[in-house]
Each structure stands twice: as C-alpha cells, then as structure tokens.
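What's in data.cif: mmCIF, C-alpha atoms
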data_model
#
loop_
_atom_site.label_atom_id
_atom_site.label_comp_id
_atom_site.auth_asym_id
_atom_site.auth_seq_id
_atom_site.Cartn_x
_atom_site.Cartn_y
_atom_site.Cartn_z
CA MET A 1 16.11 4.75 12.24
CA ASN A 2 18.48 6.76 10.02
CA ARG A 3 19.85 4.37 7.39
CA GLN A 4 21.98 5.00 4.32
CA ILE A 5 21.66 2.94 1.15
CA TYR A 6 24.85 2.35 -0.86
CA THR A 7 24.76 0.94 -4.38
CA ILE A 8 27.80 -0.20 -6.37
CA GLY A 9 27.77 -1.23 -10.03
CA GLU A 10 28.61 -0.32 -13.58
CA THR A 11 27.24 2.66 -15.47
CA VAL A 12 26.36 2.45 -19.15
CA PHE A 13 24.27 4.48 -21.51
CA ASP A 14 21.69 2.10 -22.97
CA ILE A 15 20.65 2.42 -26.61
CA ILE A 16 17.57 0.28 -27.25
CA PHE A 17 16.99 -1.33 -30.66
CA LYS A 18 13.66 -2.69 -31.89
CA ASP A 19 13.62 -4.46 -35.28
CA ASN A 20 17.30 -3.50 -35.56
CA VAL A 21 16.50 0.22 -35.45
CA PRO A 22 17.55 2.49 -32.52
CA ASN A 23 14.38 3.26 -30.58
CA HIS A 24 15.51 5.31 -27.58
CA GLY A 25 18.36 5.72 -25.11
CA ASN A 26 18.72 6.27 -21.37
CA PRO A 27 21.22 5.88 -18.52
CA GLY A 28 21.49 2.26 -17.46
CA GLY A 29 23.48 -0.43 -15.75
CA SER A 30 21.97 -2.99 -13.42
CA VAL A 31 22.63 -1.28 -10.10
CA LEU A 32 22.09 2.22 -11.53
CA ASN A 33 18.56 1.12 -12.48
CA SER A 34 17.96 0.02 -8.89
CA ALA A 35 19.43 3.25 -7.51
CA VAL A 36 17.18 5.46 -9.66
CA THR A 37 14.09 3.57 -8.52
CA LEU A 38 15.18 3.92 -4.89
CA GLY A 39 15.83 7.63 -5.45
CA ARG A 40 12.36 8.12 -6.90
CA LEU A 41 10.97 6.42 -3.80
CA GLY A 42 12.59 9.07 -1.61
CA LEU A 43 15.36 6.87 -0.18
CA LYS A 44 18.29 9.01 -1.45
CA PRO A 45 20.81 6.24 -2.24
CA ILE A 46 24.51 6.82 -2.86
CA PHE A 47 25.67 5.36 -6.17
CA LEU A 48 29.34 4.44 -6.61
CA SER A 49 30.31 3.79 -10.21
CA ASP A 50 32.71 4.37 -13.07
CA PHE A 51 31.11 6.81 -15.47
CA CYS A 52 33.48 9.44 -16.81
CA ASN A 53 33.59 13.17 -17.40
CA ASP A 54 32.66 12.98 -21.08
CA LEU A 55 29.39 14.31 -22.56
CA ILE A 56 27.46 11.10 -21.84
CA GLY A 57 28.90 11.02 -18.32
CA GLN A 58 27.64 14.55 -17.72
CA VAL A 59 24.18 13.56 -18.96
CA ILE A 60 24.17 10.62 -16.51
CA LYS A 61 25.38 12.75 -13.59
CA THR A 62 22.59 15.29 -14.19
CA PHE A 63 20.02 12.51 -14.54
CA LEU A 64 21.04 10.92 -11.23
CA LYS A 65 20.89 14.25 -9.41
CA GLU A 66 17.40 14.89 -10.79
CA ASN A 67 16.33 11.51 -9.37
CA SER A 68 17.68 12.05 -5.84
CA VAL A 69 20.69 9.77 -6.29
CA THR A 70 24.03 10.99 -4.93
CA SER A 71 26.63 9.93 -7.46
CA LYS A 72 30.27 9.32 -6.68
CA PRO A 73 31.99 8.70 -10.02
CA ILE A 74 35.15 6.66 -9.71
CA ILE A 75 36.77 7.62 -13.01
CA ILE A 76 36.84 11.38 -13.58
CA ASN A 77 39.81 12.00 -15.86
CA ASN A 78 39.13 13.27 -19.34
CA ASP A 79 40.96 10.63 -21.39
CA LYS A 80 38.39 7.89 -20.70
CA GLN A 81 34.84 7.43 -21.96
CA THR A 82 31.60 6.27 -20.35
CA SER A 83 30.50 2.77 -21.37
CA ILE A 84 27.78 2.12 -23.95
CA ALA A 85 25.33 -0.82 -24.04
CA LEU A 86 23.31 -1.77 -27.10
CA ALA A 87 20.14 -3.70 -26.23
CA PHE A 88 18.35 -5.55 -29.04
CA LEU A 89 14.73 -6.50 -28.24
CA ASP A 90 13.36 -9.70 -29.79
CA GLN A 91 9.74 -10.42 -30.71
CA ASN A 92 8.96 -11.11 -27.04
CA ASN A 93 10.70 -7.87 -25.99
CA ASN A 94 13.51 -9.76 -24.25
CA ALA A 95 16.90 -8.13 -24.70
CA GLN A 96 20.25 -9.31 -26.01
CA TYR A 97 23.20 -7.04 -25.30
CA GLU A 98 26.45 -5.85 -26.78
CA PHE A 99 28.75 -3.78 -24.58
CA TYR A 100 31.43 -1.19 -25.31
CA LYS A 101 33.05 -0.79 -21.92
CA GLN A 102 35.61 1.32 -20.11
CA LYS A 103 37.15 -0.68 -17.27
CA PRO A 104 37.98 0.92 -13.92
CA SER A 105 41.25 0.13 -12.13
CA GLN A 106 42.31 -0.62 -8.56
CA LYS A 107 43.72 2.92 -8.38
CA ASP A 108 40.33 4.40 -9.20
CA PHE A 109 38.72 2.44 -6.37
CA GLN A 110 41.41 3.13 -3.79
CA GLU A 111 40.34 6.77 -3.64
CA LEU A 112 36.84 5.85 -2.43
CA ASP A 113 35.98 6.62 1.17
CA ILE A 114 32.78 4.91 2.35
CA GLU A 115 31.51 5.12 5.92
CA PHE A 116 29.30 2.08 6.56
CA HIS A 117 27.17 1.91 9.69
CA SER A 118 25.08 -0.77 11.39
CA ASN A 119 21.88 -1.53 9.46
CA ASP A 120 22.83 0.56 6.45
CA VAL A 121 22.19 -1.34 3.21
CA LEU A 122 24.69 -2.13 0.46
CA LEU A 123 23.30 -3.35 -2.88
CA PHE A 124 25.84 -4.57 -5.45
CA GLY A 125 26.06 -6.99 -8.32
CA SER A 126 26.38 -7.79 -12.01
CA PHE A 127 29.73 -8.44 -13.71
CA TYR A 128 31.09 -5.27 -12.12
CA ALA A 129 31.12 -7.10 -8.78
CA ILE A 130 33.47 -9.79 -10.11
CA MET A 131 35.77 -7.83 -12.43
CA PRO A 132 39.34 -9.08 -11.88
CA GLU A 133 40.65 -5.53 -12.46
CA ILE A 134 39.01 -4.25 -9.24
CA ARG A 135 38.57 -7.45 -7.23
CA VAL A 136 40.96 -6.55 -4.42
CA CYS A 137 39.18 -3.24 -3.75
CA MET A 138 35.72 -4.81 -4.07
CA SER A 139 36.66 -7.41 -1.45
CA GLU A 140 37.90 -4.67 0.88
CA ILE A 141 34.62 -2.76 0.52
CA LEU A 142 32.63 -5.91 1.33
CA LYS A 143 34.82 -6.67 4.36
CA LYS A 144 34.32 -3.15 5.66
CA ALA A 145 30.55 -3.37 5.18
CA LYS A 146 30.44 -6.75 6.94
CA GLN A 147 32.55 -5.53 9.86
CA ASN A 148 30.23 -2.57 10.36
CA GLU A 149 27.11 -4.78 10.31
CA THR A 150 25.73 -3.31 7.11
CA ILE A 151 23.05 -5.42 5.39
CA ILE A 152 24.56 -6.71 2.12
CA VAL A 153 22.32 -7.56 -0.86
CA TYR A 154 23.89 -9.25 -3.91
CA ASP A 155 22.60 -10.05 -7.39
CA PRO A 156 25.11 -11.90 -9.60
CA ASN A 157 23.11 -10.99 -12.73
CA PHE A 158 25.33 -13.40 -14.67
CA ARG A 159 24.59 -13.62 -18.40
CA LYS A 160 25.57 -15.93 -21.28
CA PRO A 161 28.11 -13.51 -22.84
CA HIS A 162 30.22 -13.90 -19.67
CA LEU A 163 30.05 -17.71 -19.61
CA LYS A 164 33.52 -17.96 -21.12
CA ASP A 165 34.83 -16.01 -18.10
CA LEU A 166 33.19 -18.26 -15.51
CA PRO A 167 36.28 -20.38 -14.69
CA LYS A 168 38.26 -17.31 -13.62
CA VAL A 169 35.43 -15.44 -11.84
CA LYS A 170 33.37 -18.18 -10.18
CA SER A 171 35.42 -17.93 -6.98
CA PHE A 172 34.59 -14.18 -6.88
CA ILE A 173 30.86 -14.95 -7.21
CA GLU A 174 31.12 -17.43 -4.36
CA GLU A 175 33.00 -14.93 -2.19
CA ASN A 176 30.30 -12.32 -2.85
CA ILE A 177 27.65 -14.83 -1.79
CA ARG A 178 29.58 -15.58 1.41
CA PHE A 179 29.66 -11.88 2.30
CA SER A 180 25.94 -11.34 1.65
CA ASP A 181 22.89 -11.44 3.89
CA ILE A 182 20.50 -11.60 0.93
CA VAL A 183 21.23 -13.09 -2.49
CA LYS A 184 18.78 -12.70 -5.35
CA GLY A 185 19.18 -14.12 -8.82
CA SER A 186 17.21 -15.49 -11.73
CA ASP A 187 16.91 -19.17 -12.56
CA GLU A 188 18.94 -18.41 -15.69
CA ASP A 189 21.73 -16.78 -13.66
CA PHE A 190 22.12 -19.72 -11.33
CA SER A 191 21.80 -22.41 -13.99
CA LEU A 192 24.71 -20.77 -15.83
CA ILE A 193 26.83 -20.40 -12.68
CA PHE A 194 26.16 -23.79 -11.09
CA ASN A 195 24.84 -25.85 -14.01
CA THR A 196 21.73 -26.66 -11.96
CA LEU A 197 18.49 -27.98 -13.43
CA ASN A 198 15.88 -26.90 -10.87
CA ASP A 199 15.20 -24.77 -7.79
CA ILE A 200 16.17 -27.47 -5.27
CA GLU A 201 19.57 -28.01 -6.87
CA THR A 202 20.15 -24.26 -7.01
CA PHE A 203 19.28 -23.69 -3.35
CA LYS A 204 21.53 -26.59 -2.29
CA GLU A 205 24.46 -25.05 -4.16
CA LEU A 206 23.82 -21.62 -2.65
CA GLU A 207 23.42 -23.00 0.86
CA LYS A 208 26.75 -24.81 0.59
CA ILE A 209 28.40 -21.45 0.04
CA ASN A 210 26.47 -19.46 2.66
CA PRO A 211 24.15 -21.40 4.99
CA LYS A 212 23.11 -18.17 6.78
CA ALA A 213 21.87 -16.14 3.79
CA HIS A 214 18.33 -15.53 2.57
CA PHE A 215 17.87 -16.44 -1.10
CA PHE A 216 15.36 -15.15 -3.65
CA LEU A 217 15.06 -16.96 -7.00
CA THR A 218 13.11 -15.24 -9.80
CA LYS A 219 11.62 -17.24 -12.67
CA ALA A 220 10.04 -14.62 -14.99
CA ASP A 221 6.31 -15.36 -15.45
CA LYS A 222 6.67 -18.59 -13.43
CA GLY A 223 6.94 -16.61 -10.21
CA CYS A 224 9.67 -16.59 -7.61
CA SER A 225 10.88 -18.63 -4.66
CA TYR A 226 12.41 -17.79 -1.28
CA TYR A 227 14.75 -20.09 0.64
CA TYR A 228 16.25 -19.92 4.13
CA LYS A 229 17.71 -22.83 6.10
CA GLY A 230 15.64 -25.54 4.45
CA VAL A 231 12.40 -23.55 4.20
CA ILE A 232 11.09 -22.84 0.68
CA LYS A 233 8.23 -20.49 -0.08
CA ASN A 234 6.87 -20.21 -3.63
CA PHE A 235 5.05 -17.20 -5.02
CA ASP A 236 3.01 -16.77 -8.20
CA VAL A 237 3.09 -13.47 -10.10
CA PRO A 238 0.29 -11.71 -12.03
CA LYS A 239 0.29 -12.29 -15.78
CA ILE A 240 1.32 -9.26 -17.82
CA THR A 241 2.28 -8.48 -21.41
CA PRO A 242 5.76 -6.92 -21.18
CA VAL A 243 6.85 -3.99 -23.30
CA SER A 244 10.48 -4.61 -22.33
CA THR A 245 12.11 -6.86 -19.73
CA ILE A 246 15.14 -4.56 -19.35
CA GLY A 247 15.49 -3.62 -15.68
CA ALA A 248 13.03 -6.24 -14.40
CA GLY A 249 15.53 -7.95 -12.10
CA ASP A 250 17.12 -4.65 -11.10
CA ASN A 251 13.79 -3.34 -9.87
CA PHE A 252 13.10 -6.57 -8.02
CA ASN A 253 16.37 -5.78 -6.18
CA ALA A 254 15.16 -2.24 -5.50
CA GLY A 255 11.98 -3.74 -4.09
CA ILE A 256 13.98 -5.89 -1.67
CA VAL A 257 15.92 -2.87 -0.39
CA TYR A 258 12.79 -0.70 -0.26
CA SER A 259 10.92 -3.33 1.74
CA ILE A 260 13.82 -3.76 4.17
CA ILE A 261 13.69 -0.03 4.93
CA LYS A 262 9.88 0.19 4.95
CA GLN A 263 9.50 -2.78 7.31
CA GLN A 264 12.49 -1.70 9.43
CA ILE A 265 14.14 -5.07 8.93
CA THR A 266 17.51 -5.09 10.67
CA LYS A 267 20.60 -7.25 10.68
CA THR A 268 19.20 -8.96 13.81
CA HIS A 269 16.04 -9.92 11.91
CA LEU A 270 18.09 -11.34 9.05
CA ASN A 271 20.18 -13.44 11.44
CA ASN A 272 16.95 -15.24 12.29
CA GLN A 273 13.94 -16.53 10.34
CA LEU A 274 11.92 -13.70 8.83
CA SER A 275 8.20 -13.90 9.45
CA GLU A 276 5.90 -15.05 6.66
CA LYS A 277 4.43 -11.53 6.57
CA GLN A 278 7.88 -9.95 6.14
CA ILE A 279 8.85 -12.35 3.34
CA THR A 280 5.52 -11.93 1.54
CA GLU A 281 5.75 -8.15 1.72
CA ILE A 282 9.30 -8.16 0.31
CA VAL A 283 8.17 -10.31 -2.61
CA MET A 284 5.02 -8.27 -3.25
CA ASP A 285 6.94 -4.97 -3.32
CA SER A 286 9.63 -6.43 -5.55
CA VAL A 287 7.18 -7.95 -8.03
CA LYS A 288 5.19 -4.69 -8.26
CA PHE A 289 8.32 -2.69 -9.11
CA SER A 290 9.59 -5.32 -11.54
CA GLN A 291 6.30 -5.60 -13.41
CA SER A 292 5.83 -1.84 -13.54
CA VAL A 293 9.14 -1.51 -15.37
CA CYS A 294 8.28 -4.39 -17.73
CA GLN A 295 5.25 -2.41 -18.86
CA SER A 296 7.31 0.61 -19.91
CA THR A 297 10.31 1.36 -22.12
CA PHE A 298 12.36 2.63 -19.17
CA ASN A 299 14.70 0.84 -16.78
CA TYR A 300 13.18 2.21 -13.55
CA ILE A 301 9.74 2.89 -12.08
CA SER A 302 8.10 6.13 -13.19
CA LYS A 303 7.91 9.12 -10.85
CA GLU A 304 4.11 8.85 -10.96
CA PHE A 305 4.20 5.19 -9.89
CA ALA A 306 6.73 6.01 -7.15
CA LYS A 307 4.36 8.55 -5.55
CA ASN A 308 2.19 5.66 -4.36
CA TYR A 309 5.08 4.00 -2.50
CA ALA A 310 7.43 6.80 -1.42
CA ILE A 311 8.60 6.47 2.17
#

Take the structure I supplied and represent it as structure tokens, if you would.
Amino acid sequence: MNRQIYTIGETVFDIIFKDNVPNHGNPGGSVLNSAVTLGRLGLKPIFLSDFCNDLIGQVIKTFLKENSVTSKPIIINNDKQTSIALAFLDQNNNAQYEFYKQKPSQKDFQELDIEFHSNDVLLFGSFYAIMPEIRVCMSEILKKAKQNETIIVYDPNFRKPHLKDLPKVKSFIEENIRFSDIVKGSDEDFSLIFNTLNDIETFKELEKINPKAHFFLTKADKGCSYYYKGVIKNFDVPKITPVSTIGAGDNFNAGIVYSIIKQQITKTHLNNQLSEKQITEIVMDSVKFSQSVCQSTFNYISKEFAKNYAI
C-alpha cells in the first residue's frame, strides 16, 4: 500500500538552557520533531510549515532534507524571520518555554496545494493548529483530508502559556477533535483544556466532541491510557531517568503514525474497534520512541536507534 504522510505544524529553532546557560540548539517545533523521527524511519513525510528564507530557515531546510523530510515552507519572503524557542530545563530536566514567533497569514496558506488520498496520514497539532490568523485555511485542509478519507491524527499539545487564549481558541480545538480519527494528548493538556481531574472525566469530555475517535492519554511516568467507545485500556511504562523531556510527546505521536503504517491500519480499521494486539503495538512503538528521546538531548530519535525500526 503506497501511503503518504503529511505533517503540519510550526517550525522553531530551539535553544536549550541548563542552569540558565545556553547548552545547545537544534531545529524544533512539535510536529517537526515528529516528522524528523518519521523521516529517519524511512517513511519520507511531507512537512508543511512556516519557516522563512533567513539563515536559520536555511539551516532548518538543509536539516530536514538530510533527514528524508520533504519540506514545503509556507513563508518564503525575505522580510520575515524564522521563529525561535528558548527552552529552560529545571532540575528534573522538564522544560519551560519562551517563544519569539513569526506568524503566518491566510495568504501564505492559500498557496498550498495538497493532494490527499485514501489512507494517507495527516499529523497536525500544537498551537499552530488553532492559530486564529490561519484558522480558515486550516479548516479547509482538514475538510479536504476528511473528504479524501485520509487518517487524521491530532495532538493539541496545549500548554500553560496559552491558557489566557483558551476562551477564543477552545472551539478550534473542539473542531480539530471532531475532524480527527485519533486524538492523543497528555493529562496536563486535557486538564488545562477541559478542567478535568482524572482520566474518566477527560475521556467523557472527548467522547462528547467525537464519539467515533480513538483517544490516547499520556501520563509521563504513570503510563498511558487508550479509550474507544467506552473501552479503556491502561498501560504501564518502563522507569527511566530522563535527560530531557523535550520531544517526548512528539515522538509518541510519531510512534502512532509509524505503527499505523507498519501494521497497515486503514480507515476501515479505525471505523471499528482495533484489536488488542493492534492497540498494544501502537502503544509499545510510541513509548519506545518517546523514551529514547527522553534519554538524549535531541528532539527526535537518533539515526542509530531508527535503524532497528526502519520500514
């Protein structure tokens, strides 16, 4: 089965601080991290994003090409600059962020031409997926993907700095969930969005919005849970000592997409109950990728690690 993977999200150049001192830098952005991992696994994703034609943008473009990711930059004029993210690691190596962002416009998006086909996969998420500046075009892309029976995977990746924006973007999050076949998020994401206190409350809120979707809820070292039409499956995860948690959720997303392709899971499968074996394999792949990244200073699995899983 010949299937194309599309990924849509913001591009930033991450500068990592430890003890308030710059430690290293690399291309980042939630969906970019997923796309690089998928590229290293031999899946050749297409990445649609807003990095520019400045020096940092050129570094990112070269990096993506070297990692088998086809990039389609949305903003290419020379009077804009690629976004920067500063990530400050605490004593537990969890990150707090500050962003210096260039926002795309509807005009930038209108020039995109994407040909979705049945059982292709579209992965999208983060605040980029709910930006008011590009909402009309994002909705059109999702409609087109849905009409062409593309499998849609969404991660809201909603963080505290955006909580003040929730009243004006919550309807966009809900619309994204309605479009999606698979929704994955952390317990922190969903507690911020829905003000829920536990897994059951979260799954009830999600099911109200889309009763047909498959939901994955990650809970850091407490494991993860899967939910579909009243069925909950809980999974433990191996204990590790993280070097950095940056990219953990993004690589869990890459694991979902990778496992869909590896197991030849189609839209028809997702319209029904997945088997226990299929669900377990998705979770196992996703956890392996996530934990591999947590044990490094990079946002994506290493090329050496990828050799063991390349399709």

Convert the output of the PyMOL selection byres ((chain A and resi 282) around 10) on the shown file into explicit residues, formatted as a PDB file with C-alpha atoms, in the coordinates of the input.
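That gives us selection.pdb:
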ATOM      1  CA  PHE A 252      13.100  -6.570  -8.020  1.00  0.00           C
ATOM      2  CA  ASN A 253      16.370  -5.780  -6.180  1.00  0.00           C
ATOM      3  CA  GLY A 255      11.980  -3.740  -4.090  1.00  0.00           C
ATOM      4  CA  ILE A 256      13.980  -5.890  -1.670  1.00  0.00           C
ATOM      5  CA  VAL A 257      15.920  -2.870  -0.390  1.00  0.00           C
ATOM      6  CA  TYR A 258      12.790  -0.700  -0.260  1.00  0.00           C
ATOM      7  CA  SER A 259      10.920  -3.330   1.740  1.00  0.00           C
ATOM      8  CA  ILE A 260      13.820  -3.760   4.170  1.00  0.00           C
ATOM      9  CA  LYS A 262       9.880   0.190   4.950  1.00  0.00           C
ATOM     10  CA  GLN A 263       9.500  -2.780   7.310  1.00  0.00           C
ATOM     11  CA  GLU A 276       5.900 -15.050   6.660  1.00  0.00           C
ATOM     12  CA  LYS A 277       4.430 -11.530   6.570  1.00  0.00           C
ATOM     13  CA  GLN A 278       7.880  -9.950   6.140  1.00  0.00           C
ATOM     14  CA  ILE A 279       8.850 -12.350   3.340  1.00  0.00           C
ATOM     15  CA  THR A 280       5.520 -11.930   1.540  1.00  0.00           C
ATOM     16  CA  GLU A 281       5.750  -8.150   1.720  1.00  0.00           C
ATOM     17  CA  VAL A 283       8.170 -10.310  -2.610  1.00  0.00           C
ATOM     18  CA  MET A 284       5.020  -8.270  -3.250  1.00  0.00           C
ATOM     19  CA  ASP A 285       6.940  -4.970  -3.320  1.00  0.00           C
ATOM     20  CA  SER A 286       9.630  -6.430  -5.550  1.00  0.00           C
ATOM     21  CA  VAL A 287       7.180  -7.950  -8.030  1.00  0.00           C
TER      22      VAL A 287
END

Practice item. Might you pull out every residue within 12 Å of segment 269-271 of chain A, with all atoms listed in the file counted and same-chain residues fewer than 3 positions away left off, and present them as a count of residues only? Key: 25

Point to revise | Straight-line distance linking atom CA of Lys103 of chain A with atom CA of Tyr300 of chain A, stated in Å to one decimal | key: 24.4 Å

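Taking atom CA of Asp90 of chain A and atom CA of Asn23 of chain A as the two end points, the separation is 13.0 Å.
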
**Study point:** Residues near Lys184 of chain A, cut-off 10 Å, only C-alpha atoms, skip fewer than 3 positions along chain, as an MDAnalysis selection string
**Key:** chainID A and resid 125 153:157 177 187 189:190 214:218 225:226 249 252:253 256

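Pairwise distance (atom CA of Leu206 of chain A, atom CA of Asn299 of chain A) equals 28.1 Å.
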
Practice item. List the residues matched by the PyMOL selection byres ((chain A and resi 24) around 10) in the displayed structure as a list in words, ordered by chain and then by residue number. Key: Asp14, Ile15, Ile16, Phe17, Lys18, Val21, Pro22, Asn23, Gly25, Asn26, Thr297 and Phe298 of chain A

Practice item. Run through the PyMOL selection byres ((chain A and resi 144) around 12) on the given coordinates and return the selected residues as a list in words. Key: Asp113, Ile114, Glu115, Phe116, His117, Ser118, Leu122, Cys137, Met138, Ser139, Glu140, Ile141, Leu142, Lys143, Ala145, Lys146, Gln147, Asn148, Glu149, Thr150, Ile151, Ile152 and Phe179 of chain A

Selected residues, C-alpha atoms, written as a PDB file, in the coordinates of the input, please.
ATOM      1  CA  ASP A 113      35.980   6.620   1.170  1.00  0.00           C
ATOM      2  CA  ILE A 114      32.780   4.910   2.350  1.00  0.00           C
ATOM      3  CA  GLU A 115      31.510   5.120   5.920  1.00  0.00           C
ATOM      4  CA  PHE A 116      29.300   2.080   6.560  1.00  0.00           C
ATOM      5  CA  HIS A 117      27.170   1.910   9.690  1.00  0.00           C
ATOM      6  CA  SER A 118      25.080  -0.770  11.390  1.00  0.00           C
ATOM      7  CA  LEU A 122      24.690  -2.130   0.460  1.00  0.00           C
ATOM      8  CA  CYS A 137      39.180  -3.240  -3.750  1.00  0.00           C
ATOM      9  CA  MET A 138      35.720  -4.810  -4.070  1.00  0.00           C
ATOM     10  CA  SER A 139      36.660  -7.410  -1.450  1.00  0.00           C
ATOM     11  CA  GLU A 140      37.900  -4.670   0.880  1.00  0.00           C
ATOM     12  CA  ILE A 141      34.620  -2.760   0.520  1.00  0.00           C
ATOM     13  CA  LEU A 142      32.630  -5.910   1.330  1.00  0.00           C
ATOM     14  CA  LYS A 143      34.820  -6.670   4.360  1.00  0.00           C
ATOM     15  CA  ALA A 145      30.550  -3.370   5.180  1.00  0.00           C
ATOM     16  CA  LYS A 146      30.440  -6.750   6.940  1.00  0.00           C
ATOM     17  CA  GLN A 147      32.550  -5.530   9.860  1.00  0.00           C
ATOM     18  CA  ASN A 148      30.230  -2.570  10.360  1.00  0.00           C
ATOM     19  CA  GLU A 149      27.110  -4.780  10.310  1.00  0.00           C
ATOM     20  CA  THR A 150      25.730  -3.310   7.110  1.00  0.00           C
ATOM     21  CA  ILE A 151      23.050  -5.420   5.390  1.00  0.00           C
ATOM     22  CA  ILE A 152      24.560  -6.710   2.120  1.00  0.00           C
ATOM     23  CA  PHE A 179      29.660 -11.880   2.300  1.00  0.00           C
TER      24      PHE A 179
END

Within 8 Å of segment 36-40 of chain A, which residues of segment 199-307 of chain A show up? Give each one with its shortest atom-to-atom distance in Å (one decimal) and the two atoms involved, counting all atoms listed in the file, rows by chain then rising residue number, as JSON lines.
{"residue": "A:Asn251", "atom": "CA", "partner": "A:Thr37", "partner_atom": "CA", "distance": 7.0}
{"residue": "A:Ala254", "atom": "CA", "partner": "A:Leu38", "partner_atom": "CA", "distance": 6.2}
{"residue": "A:Tyr258", "atom": "CA", "partner": "A:Leu38", "partner_atom": "CA", "distance": 7.0}
{"residue": "A:Tyr300", "atom": "CA", "partner": "A:Thr37", "partner_atom": "CA", "distance": 5.3}
{"residue": "A:Ile301", "atom": "CA", "partner": "A:Thr37", "partner_atom": "CA", "distance": 5.7}
{"residue": "A:Ser302", "atom": "CA", "partner": "A:Arg40", "partner_atom": "CA", "distance": 7.9}
{"residue": "A:Lys303", "atom": "CA", "partner": "A:Arg40", "partner_atom": "CA", "distance": 6.0}
{"residue": "A:Ala306", "atom": "CA", "partner": "A:Arg40", "partner_atom": "CA", "distance": 6.0}

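Using all atoms listed in the file for every distance, the candidate list A:Ile311, A:Thr70, A:Ile200, A:Ser186 yields A:Ser186 as the residue closest to Lys222 of chain A.
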
Practice item. Give the answer as one residue: which of A:Glu66, A:Glu205, A:Asp19, A:Asp54 has the shortest atom-to-atom distance to Gly42 of chain A, using only C-alpha atoms? Key: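 For Gly42 of chain A, the nearest of the given residues is A:Glu66.
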
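The smallest atom-to-atom distance between Thr245 of chain A and any of A:Leu166, A:Val293, A:Ala85, A:Met131, using all atoms listed in the file, is found for A:Val293.
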
Check your understanding: Please, which residues are within 7 Å of (8.5, -5.3, -24.7) by the file's coordinates, counting only C-alpha atoms, and could they come as a VMD selection string?
Key -> chain A and resid 92 to 94 242 to 245

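Proximity to Ser296 of chain A was assessed for A:Ala310, A:Cys52, A:Ile261, A:Ala248 counting only C-alpha atoms; the smallest distance is recorded for A:Ala248.
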
**Study point:** Long-range neighbours of Gln58 of chain A as a ChimeraX atom specification, 12 Å cut-off, only C-alpha atoms, 4 positions minimum in chain
**Key:** /A:13,27,51-54,62-65,71,73,76,78,81-82

Exercise for review: Tell me which of A:Ser292, A:Gln96, A:Ser171, A:Asn67 sits closest to Asp250 of chain A, counting only C-alpha atoms.
Suggested key: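 Among the listed residues, A:Ser292 lies closest to Asp250 of chain A.
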
Axis-aligned box for all listed atoms of segment 136-139 of chain A, 3 Å per side, centre and edges in Å to one decimal, as JSON:
{"center_x": 38.3, "center_y": -5.3, "center_z": -2.9, "size_x": 11.2, "size_y": 10.2, "size_z": 9.0}
